[in-house]
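S.K.: If it helps, the file is called data-v3.pdb and holds PDB, N, CA and C atoms:
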```pdb
MODEL        1
ATOM      1  N   MET S 621      78.685 205.584-115.707
ATOM      2  CA  MET S 621      77.325 205.190-115.410
ATOM      3  C   MET S 621      76.408 205.745-116.500
ATOM      4  N   SER S 622      75.471 204.950-116.926
ATOM      5  CA  SER S 622      74.538 205.347-117.967
ATOM      6  C   SER S 622      73.410 206.179-117.369
ATOM      7  N   ASP S 623      72.968 207.199-118.102
ATOM      8  CA  ASP S 623      71.817 207.989-117.680
ATOM      9  C   ASP S 623      70.509 207.320-118.083
ATOM     10  N   ARG S 624      70.616 206.281-118.895
ATOM     11  CA  ARG S 624      69.431 205.585-119.370
ATOM     12  C   ARG S 624      68.984 204.578-118.311
ATOM     13  N   LEU S 625      67.790 204.771-117.791
ATOM     14  CA  LEU S 625      67.287 203.882-116.748
ATOM     15  C   LEU S 625      67.010 202.475-117.257
ATOM     16  N   ILE S 626      66.761 202.329-118.518
ATOM     17  CA  ILE S 626      66.399 201.015-119.049
ATOM     18  C   ILE S 626      67.618 200.093-119.142
ATOM     19  N   ASP S 627      68.819 200.672-119.143
ATOM     20  CA  ASP S 627      70.042 199.870-119.220
ATOM     21  C   ASP S 627      70.392 199.298-117.847
ATOM     22  N   GLY S 628      70.758 198.055-117.821
ATOM     23  CA  GLY S 628      71.239 197.467-116.575
ATOM     24  C   GLY S 628      70.205 196.630-115.852
ATOM     25  N   ARG S 629      70.634 196.081-114.752
ATOM     26  CA  ARG S 629      69.823 195.189-113.940
ATOM     27  C   ARG S 629      68.928 195.983-112.982
ATOM     28  N   TRP S 630      67.791 195.403-112.662
ATOM     29  CA  TRP S 630      66.839 195.991-111.723
ATOM     30  C   TRP S 630      66.552 195.002-110.602
ATOM     31  N   TYR S 631      66.311 195.520-109.403
ATOM     32  CA  TYR S 631      65.987 194.692-108.252
ATOM     33  C   TYR S 631      64.616 195.047-107.706
ATOM     34  N   THR S 632      63.897 194.030-107.268
ATOM     35  CA  THR S 632      62.680 194.264-106.500
ATOM     36  C   THR S 632      63.092 194.598-105.065
ATOM     37  N   THR S 633      62.145 194.997-104.254
ATOM     38  CA  THR S 633      62.429 195.269-102.848
ATOM     39  C   THR S 633      63.014 194.037-102.171
ATOM     40  N   GLU S 634      62.435 192.894-102.439
ATOM     41  CA  GLU S 634      62.888 191.659-101.811
ATOM     42  C   GLU S 634      64.298 191.274-102.280
ATOM     43  N   GLN S 635      64.566 191.443-103.566
ATOM     44  CA  GLN S 635      65.895 191.120-104.090
ATOM     45  C   GLN S 635      66.954 192.055-103.503
ATOM     46  N   LEU S 636      66.624 193.332-103.403
ATOM     47  CA  LEU S 636      67.568 194.292-102.835
ATOM     48  C   LEU S 636      67.834 193.975-101.367
ATOM     49  N   ALA S 637      66.781 193.642-100.639
ATOM     50  CA  ALA S 637      66.948 193.289 -99.232
ATOM     51  C   ALA S 637      67.878 192.089 -99.083
ATOM     52  N   GLU S 638      67.693 191.087 -99.904
ATOM     53  CA  GLU S 638      68.544 189.898 -99.849
ATOM     54  C   GLU S 638      69.994 190.258-100.189
ATOM     55  N   LEU S 639      70.169 191.073-101.200
ATOM     56  CA  LEU S 639      71.503 191.500-101.615
ATOM     57  C   LEU S 639      72.229 192.245-100.490
ATOM     58  N   LEU S 640      71.498 193.088 -99.758
ATOM     59  CA  LEU S 640      72.090 193.908 -98.704
ATOM     60  C   LEU S 640      72.062 193.234 -97.333
ATOM     61  N   HIS S 641      71.483 192.030 -97.266
ATOM     62  CA  HIS S 641      71.393 191.267 -96.003
ATOM     63  C   HIS S 641      70.591 192.018 -94.941
ATOM     64  N   VAL S 642      69.485 192.606 -95.377
ATOM     65  CA  VAL S 642      68.541 193.253 -94.466
ATOM     66  C   VAL S 642      67.153 192.702 -94.768
ATOM     67  N   ASP S 643      66.225 192.957 -93.886
ATOM     68  CA  ASP S 643      64.855 192.520 -94.094
ATOM     69  C   ASP S 643      64.177 193.441 -95.119
ATOM     70  N   ALA S 644      63.247 192.901 -95.878
ATOM     71  CA  ALA S 644      62.520 193.703 -96.869
ATOM     72  C   ALA S 644      61.796 194.874 -96.211
ATOM     73  N   SER S 645      61.350 194.699 -94.966
ATOM     74  CA  SER S 645      60.676 195.795 -94.265
ATOM     75  C   SER S 645      61.626 196.977 -94.042
ATOM     76  N   THR S 646      62.907 196.704 -93.906
ATOM     77  CA  THR S 646      63.894 197.779 -93.767
ATOM     78  C   THR S 646      63.976 198.596 -95.044
ATOM     79  N   VAL S 647      64.023 197.922 -96.180
ATOM     80  CA  VAL S 647      64.076 198.628 -97.467
ATOM     81  C   VAL S 647      62.809 199.447 -97.659
ATOM     82  N   ARG S 648      61.654 198.880 -97.319
ATOM     83  CA  ARG S 648      60.399 199.632 -97.430
ATOM     84  C   ARG S 648      60.408 200.850 -96.506
ATOM     85  N   ARG S 649      60.959 200.714 -95.310
ATOM     86  CA  ARG S 649      61.013 201.830 -94.361
ATOM     87  C   ARG S 649      61.899 202.952 -94.913
ATOM     88  N   TRP S 650      63.015 202.588 -95.566
ATOM     89  CA  TRP S 650      63.880 203.608 -96.161
ATOM     90  C   TRP S 650      63.105 204.492 -97.130
ATOM     91  N   ARG S 651      62.142 203.892 -97.848
ATOM     92  CA  ARG S 651      61.360 204.662 -98.835
ATOM     93  C   ARG S 651      60.388 205.617 -98.181
ATOM     94  N   THR S 652      59.965 205.321 -96.953
ATOM     95  CA  THR S 652      58.934 206.141 -96.316
ATOM     96  C   THR S 652      59.503 207.177 -95.360
ATOM     97  N   LEU S 653      60.773 207.049 -94.988
ATOM     98  CA  LEU S 653      61.391 208.026 -94.098
ATOM     99  C   LEU S 653      61.589 209.341 -94.825
ATOM    100  N   ARG S 654      61.495 210.430 -94.078
ATOM    101  CA  ARG S 654      61.785 211.752 -94.630
ATOM    102  C   ARG S 654      62.910 212.345 -93.826
ATOM    103  N   PRO S 655      64.043 212.663 -94.412
ATOM    104  CA  PRO S 655      64.364 212.435 -95.821
ATOM    105  C   PRO S 655      64.605 210.956 -96.111
ATOM    106  N   PHE S 656      64.492 210.597 -97.395
ATOM    107  CA  PHE S 656      64.721 209.214 -97.803
ATOM    108  C   PHE S 656      66.101 208.762 -97.352
ATOM    109  N   GLN S 657      66.229 207.480 -97.024
ATOM    110  CA  GLN S 657      67.509 206.988 -96.549
ATOM    111  C   GLN S 657      68.102 205.885 -97.408
ATOM    112  N   GLY S 658      67.378 205.360 -98.335
ATOM    113  CA  GLY S 658      67.880 204.272 -99.166
ATOM    114  C   GLY S 658      68.229 204.755-100.557
ATOM    115  N   PRO S 659      68.480 203.807-101.445
ATOM    116  CA  PRO S 659      68.792 204.176-102.830
ATOM    117  C   PRO S 659      67.556 204.713-103.551
ATOM    118  N   ALA S 660      67.818 205.451-104.625
ATOM    119  CA  ALA S 660      66.720 205.946-105.464
ATOM    120  C   ALA S 660      65.920 204.760-105.982
ATOM    121  N   PHE S 661      64.643 204.983-106.227
ATOM    122  CA  PHE S 661      63.768 203.902-106.682
ATOM    123  C   PHE S 661      62.786 204.419-107.713
ATOM    124  N   VAL S 662      62.166 203.486-108.420
ATOM    125  CA  VAL S 662      61.126 203.809-109.399
ATOM    126  C   VAL S 662      59.862 203.088-108.985
ATOM    127  N   ARG S 663      58.805 203.848-108.775
ATOM    128  CA  ARG S 663      57.512 203.249-108.440
ATOM    129  C   ARG S 663      56.814 202.929-109.762
ATOM    130  N   VAL S 664      56.804 201.654-110.121
ATOM    131  CA  VAL S 664      56.217 201.209-111.373
ATOM    132  C   VAL S 664      54.692 201.222-111.269
ATOM    133  N   SER S 665      54.191 200.863-110.099
ATOM    134  CA  SER S 665      52.749 200.895-109.817
ATOM    135  C   SER S 665      52.596 201.025-108.308
ATOM    136  N   ASP S 666      51.362 200.996-107.829
ATOM    137  CA  ASP S 666      51.127 201.099-106.391
ATOM    138  C   ASP S 666      51.811 199.974-105.618
ATOM    139  N   ARG S 667      51.986 198.822-106.247
ATOM    140  CA  ARG S 667      52.541 197.658-105.551
ATOM    141  C   ARG S 667      53.929 197.250-106.009
ATOM    142  N   VAL S 668      54.431 197.870-107.063
ATOM    143  CA  VAL S 668      55.723 197.454-107.619
ATOM    144  C   VAL S 668      56.717 198.614-107.562
ATOM    145  N   VAL S 669      57.815 198.379-106.847
ATOM    146  CA  VAL S 669      58.906 199.343-106.742
ATOM    147  C   VAL S 669      60.169 198.635-107.197
ATOM    148  N   MET S 670      60.945 199.306-108.040
ATOM    149  CA  MET S 670      62.163 198.704-108.577
ATOM    150  C   MET S 670      63.346 199.619-108.292
ATOM    151  N   TYR S 671      64.511 198.976-108.162
ATOM    152  CA  TYR S 671      65.759 199.676-107.884
ATOM    153  C   TYR S 671      66.763 199.350-108.979
ATOM    154  N   SER S 672      67.307 200.368-109.616
ATOM    155  CA  SER S 672      68.321 200.182-110.650
ATOM    156  C   SER S 672      69.650 199.852-109.985
ATOM    157  N   VAL S 673      70.383 198.918-110.575
ATOM    158  CA  VAL S 673      71.707 198.581-110.058
ATOM    159  C   VAL S 673      72.588 199.822-110.019
ATOM    160  N   HIS S 674      72.435 200.722-110.971
ATOM    161  CA  HIS S 674      73.227 201.952-111.011
ATOM    162  C   HIS S 674      72.934 202.824-109.783
ATOM    163  N   ASP S 675      71.644 202.943-109.427
ATOM    164  CA  ASP S 675      71.269 203.752-108.266
ATOM    165  C   ASP S 675      71.719 203.098-106.964
ATOM    166  N   VAL S 676      71.615 201.781-106.883
ATOM    167  CA  VAL S 676      72.051 201.066-105.684
ATOM    168  C   VAL S 676      73.553 201.243-105.496
ATOM    169  N   GLU S 677      74.317 201.089-106.569
ATOM    170  CA  GLU S 677      75.768 201.257-106.475
ATOM    171  C   GLU S 677      76.142 202.688-106.086
ATOM    172  N   ALA S 678      75.459 203.667-106.657
ATOM    173  CA  ALA S 678      75.733 205.070-106.314
ATOM    174  C   ALA S 678      75.434 205.326-104.841
ATOM    175  N   TRP S 679      74.332 204.791-104.346
ATOM    176  CA  TRP S 679      73.968 204.955-102.934
ATOM    177  C   TRP S 679      75.000 204.288-102.030
ATOM    178  N   LEU S 680      75.415 203.089-102.401
ATOM    179  CA  LEU S 680      76.422 202.388-101.593
ATOM    180  C   LEU S 680      77.733 203.172-101.546
ATOM    181  N   ARG S 681      78.111 203.805-102.655
ATOM    182  CA  ARG S 681      79.336 204.614-102.658
ATOM    183  C   ARG S 681      79.249 205.758-101.657
ATOM    184  N   THR S 682      78.077 206.353-101.502
ATOM    185  CA  THR S 682      77.925 207.466-100.552
ATOM    186  C   THR S 682      78.013 206.982 -99.112
ATOM    187  N   ARG S 683      77.800 205.694 -98.866
ATOM    188  CA  ARG S 683      77.826 205.136 -97.520
ATOM    189  C   ARG S 683      79.166 204.482 -97.184
ATOM    190  N   ARG S 684      80.042 204.445 -98.162
ATOM    191  CA  ARG S 684      81.335 203.784 -97.998
ATOM    192  C   ARG S 684      82.216 204.578 -97.041
ATOM    193  N   VAL S 685      82.841 203.867 -96.114
ATOM    194  CA  VAL S 685      83.770 204.478 -95.170
ATOM    195  C   VAL S 685      85.144 203.854 -95.392
ATOM    196  N   ASP S 686      86.128 204.685 -95.660
ATOM    197  CA  ASP S 686      87.501 204.229 -95.831
ATOM    198  C   ASP S 686      88.204 204.435 -94.491
ATOM    199  N   PRO S 687      88.547 203.355 -93.789
ATOM    200  CA  PRO S 687      89.175 203.496 -92.463
ATOM    201  C   PRO S 687      90.455 204.333 -92.499
ATOM    202  N   GLY S 688      91.202 204.274 -93.579
ATOM    203  CA  GLY S 688      92.412 205.071 -93.700
ATOM    204  C   GLY S 688      92.128 206.574 -93.700
ATOM    205  N   GLU S 689      91.027 206.963 -94.319
ATOM    206  CA  GLU S 689      90.640 208.383 -94.359
ATOM    207  C   GLU S 689      90.056 208.832 -93.027
ATOM    208  N   VAL S 690      89.339 207.945 -92.352
ATOM    209  CA  VAL S 690      88.716 208.296 -91.073
ATOM    210  C   VAL S 690      89.782 208.496 -90.002
ATOM    211  N   ALA S 691      90.834 207.665 -90.037
ATOM    212  CA  ALA S 691      91.884 207.725 -89.018
ATOM    213  C   ALA S 691      92.792 208.933 -89.198
ATOM    214  N   ALA S 692      92.834 209.492 -90.384
ATOM    215  CA  ALA S 692      93.764 210.603 -90.648
ATOM    216  C   ALA S 692      93.328 211.891 -90.022
TER     217      ALA S 692
ENDMDL
END
```
Let me see whether you can do it: turn the structure in this file into C-alpha coordinates.
M.R.:
Amino acid sequence: MSDRLIDGRWYTTEQLAELLHVDASTVRRWRTLRPFQGPAFVRVSDRVVMYSVHDVEAWLRTRRVDPGEVAA
(Lines of atoms letter the chains of each structure in order from A and count residues from 1; the text may use other names and numbers.)
(Lines give C-alpha, C1' and ligand atoms only; values in the text may rest on other atoms or scores of the structure.)
Protein backbone atom coordinates (compact mmCIF):
# COMPACT_ATOMS: atom_id res chain seq x y z
CA MET A 1 0.00 0.00 0.00
CA SER A 2 1.29 3.45 -0.88
CA ASP A 3 1.70 6.09 1.83
CA ARG A 4 1.03 8.75 -0.78
CA LEU A 5 -2.58 9.86 -0.54
CA ILE A 6 -2.59 11.26 -4.05
CA ASP A 7 -2.02 7.80 -5.56
CA GLY A 8 -5.06 5.70 -6.32
CA ARG A 9 -8.79 6.10 -6.64
CA TRP A 10 -10.96 8.28 -4.41
CA TYR A 11 -14.65 7.93 -3.55
CA THR A 12 -17.22 10.49 -2.56
CA THR A 13 -19.62 9.64 0.26
CA GLU A 14 -22.27 8.68 -2.27
CA GLN A 15 -19.89 6.51 -4.31
CA LEU A 16 -18.67 4.71 -1.20
CA ALA A 17 -22.23 4.12 -0.04
CA GLU A 18 -23.12 2.61 -3.41
CA LEU A 19 -20.00 0.44 -3.38
CA LEU A 20 -20.81 -0.89 0.11
CA HIS A 21 -24.57 -1.22 -0.58
CA VAL A 22 -25.53 1.11 2.26
CA ASP A 23 -27.30 4.45 2.31
CA ALA A 24 -25.15 7.60 2.12
CA SER A 25 -26.60 8.65 5.49
CA THR A 26 -24.97 5.56 7.01
CA VAL A 27 -21.55 6.59 5.73
CA ARG A 28 -22.10 10.12 7.05
CA ARG A 29 -23.14 8.70 10.45
CA TRP A 30 -19.92 6.64 10.62
CA ARG A 31 -17.98 9.93 10.40
CA THR A 32 -19.86 11.52 13.28
CA LEU A 33 -19.87 8.60 15.73
CA ARG A 34 -17.31 8.60 18.52
CA PRO A 35 -15.25 6.57 18.13
CA PHE A 36 -15.34 6.67 14.33
CA GLN A 37 -16.72 3.51 12.78
CA GLY A 38 -16.03 3.83 9.07
CA PRO A 39 -12.94 4.10 6.92
CA ALA A 40 -10.50 6.99 7.27
CA PHE A 41 -11.52 10.05 5.28
CA VAL A 42 -10.20 13.40 4.09
CA ARG A 43 -12.31 16.50 4.59
CA VAL A 44 -11.49 18.53 1.48
CA SER A 45 -13.90 21.32 2.48
CA ASP A 46 -16.96 21.79 4.68
CA ARG A 47 -19.08 20.00 2.07
CA VAL A 48 -16.63 17.62 0.40
CA VAL A 49 -15.37 14.43 2.04
CA MET A 50 -13.32 11.88 0.12
CA TYR A 51 -12.29 8.31 0.85
CA SER A 52 -9.09 6.77 -0.52
CA VAL A 53 -9.44 3.29 -1.97
CA HIS A 54 -6.42 2.33 0.15
CA ASP A 55 -8.17 3.43 3.36
CA VAL A 56 -11.43 1.73 2.39
CA GLU A 57 -9.62 -1.54 1.66
CA ALA A 58 -7.68 -1.34 4.94
CA TRP A 59 -10.92 -0.73 6.87
CA LEU A 60 -12.66 -3.62 5.12
CA ARG A 61 -9.76 -5.93 6.05
CA THR A 62 -10.28 -5.09 9.74
CA ARG A 63 -13.96 -6.07 9.41
CA ARG A 64 -13.29 -9.33 7.58
CA VAL A 65 -14.43 -12.48 9.36
CA ASP A 66 -12.96 -15.82 8.33
CA PRO A 67 -15.52 -18.51 9.30
CA GLY A 68 -12.75 -21.10 9.55
CA GLU A 69 -10.94 -19.03 12.20
CA VAL A 70 -14.14 -18.24 14.12
CA ALA A 71 -15.14 -21.92 14.33
CA ALA A 72 -11.74 -23.03 15.64
S.K.: Give the answer as one residue: which of S:Arg629, S:Arg654, S:Arg681, S:Arg648 has the shortest atom-to-atom distance to Val668 of chain S, using only C-alpha atoms?
M.R.: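 Closest to Val668 of chain S, using only C-alpha atoms: S:Arg648.
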S.K.: Measuring atom to atom with only N, CA and C atoms, identify which of S:Leu653, S:Val685, S:Ala678, S:Val669 is nearest to Thr633 of chain S.
M.R.: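 Smallest distance to Thr633 of chain S is found for S:Val669.
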S.K.: Expressed in Å to a single decimal, how great is the separation between atom CA of Gly628 of chain S and atom CA of Val664 of chain S?
M.R.: 16.3 Å
S.K.: Take the PyMOL selection byres (((chain S and resi 680 and name CA) around 12) and name CA), apply it to the structure above, and return the hits as a list in words.
M.R.: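 Evaluating the PyMOL selection byres (((chain S and resi 680 and name CA) around 12) and name CA) on these coordinates yields Leu639, Leu640, Gln657, Gly658, Pro659, Ala660, Val673, His674, Asp675, Val676, Glu677, Ala678, Trp679, Arg681, Thr682, Arg683, Arg684 and Val685 of chain S.
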S.K.: Between atom CA of Ala637 of chain S and atom CA of Tyr671 of chain S, what is the distance in Å, rounded to a tenth?
M.R.: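 Separation between atom CA of Ala637 of chain S and atom CA of Tyr671 of chain S: 10.8 Å.
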S.K.: What is the distance, in Å and to one decimal place, between atom CA of Pro655 of chain S and atom CA of Glu638 of chain S?
M.R.: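 Between these atoms lies a distance of 23.3 Å.
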S.K.: Mind listing the helix (DSSP H, G or I) residues of chain S, per DSSP on the backbone, as a PyMOL selection string?
M.R.: chain S and resi 633-640+644-652+673-683+687-691
S.K.: Tell me, which residues of chain S carry DSSP strand (DSSP E or B), written as a list in words?
M.R.: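 Matching residues, listed in order: Trp630, Tyr631, Thr632, Val662, Arg663, Val669, Met670, Tyr671 and Ser672 of chain S.
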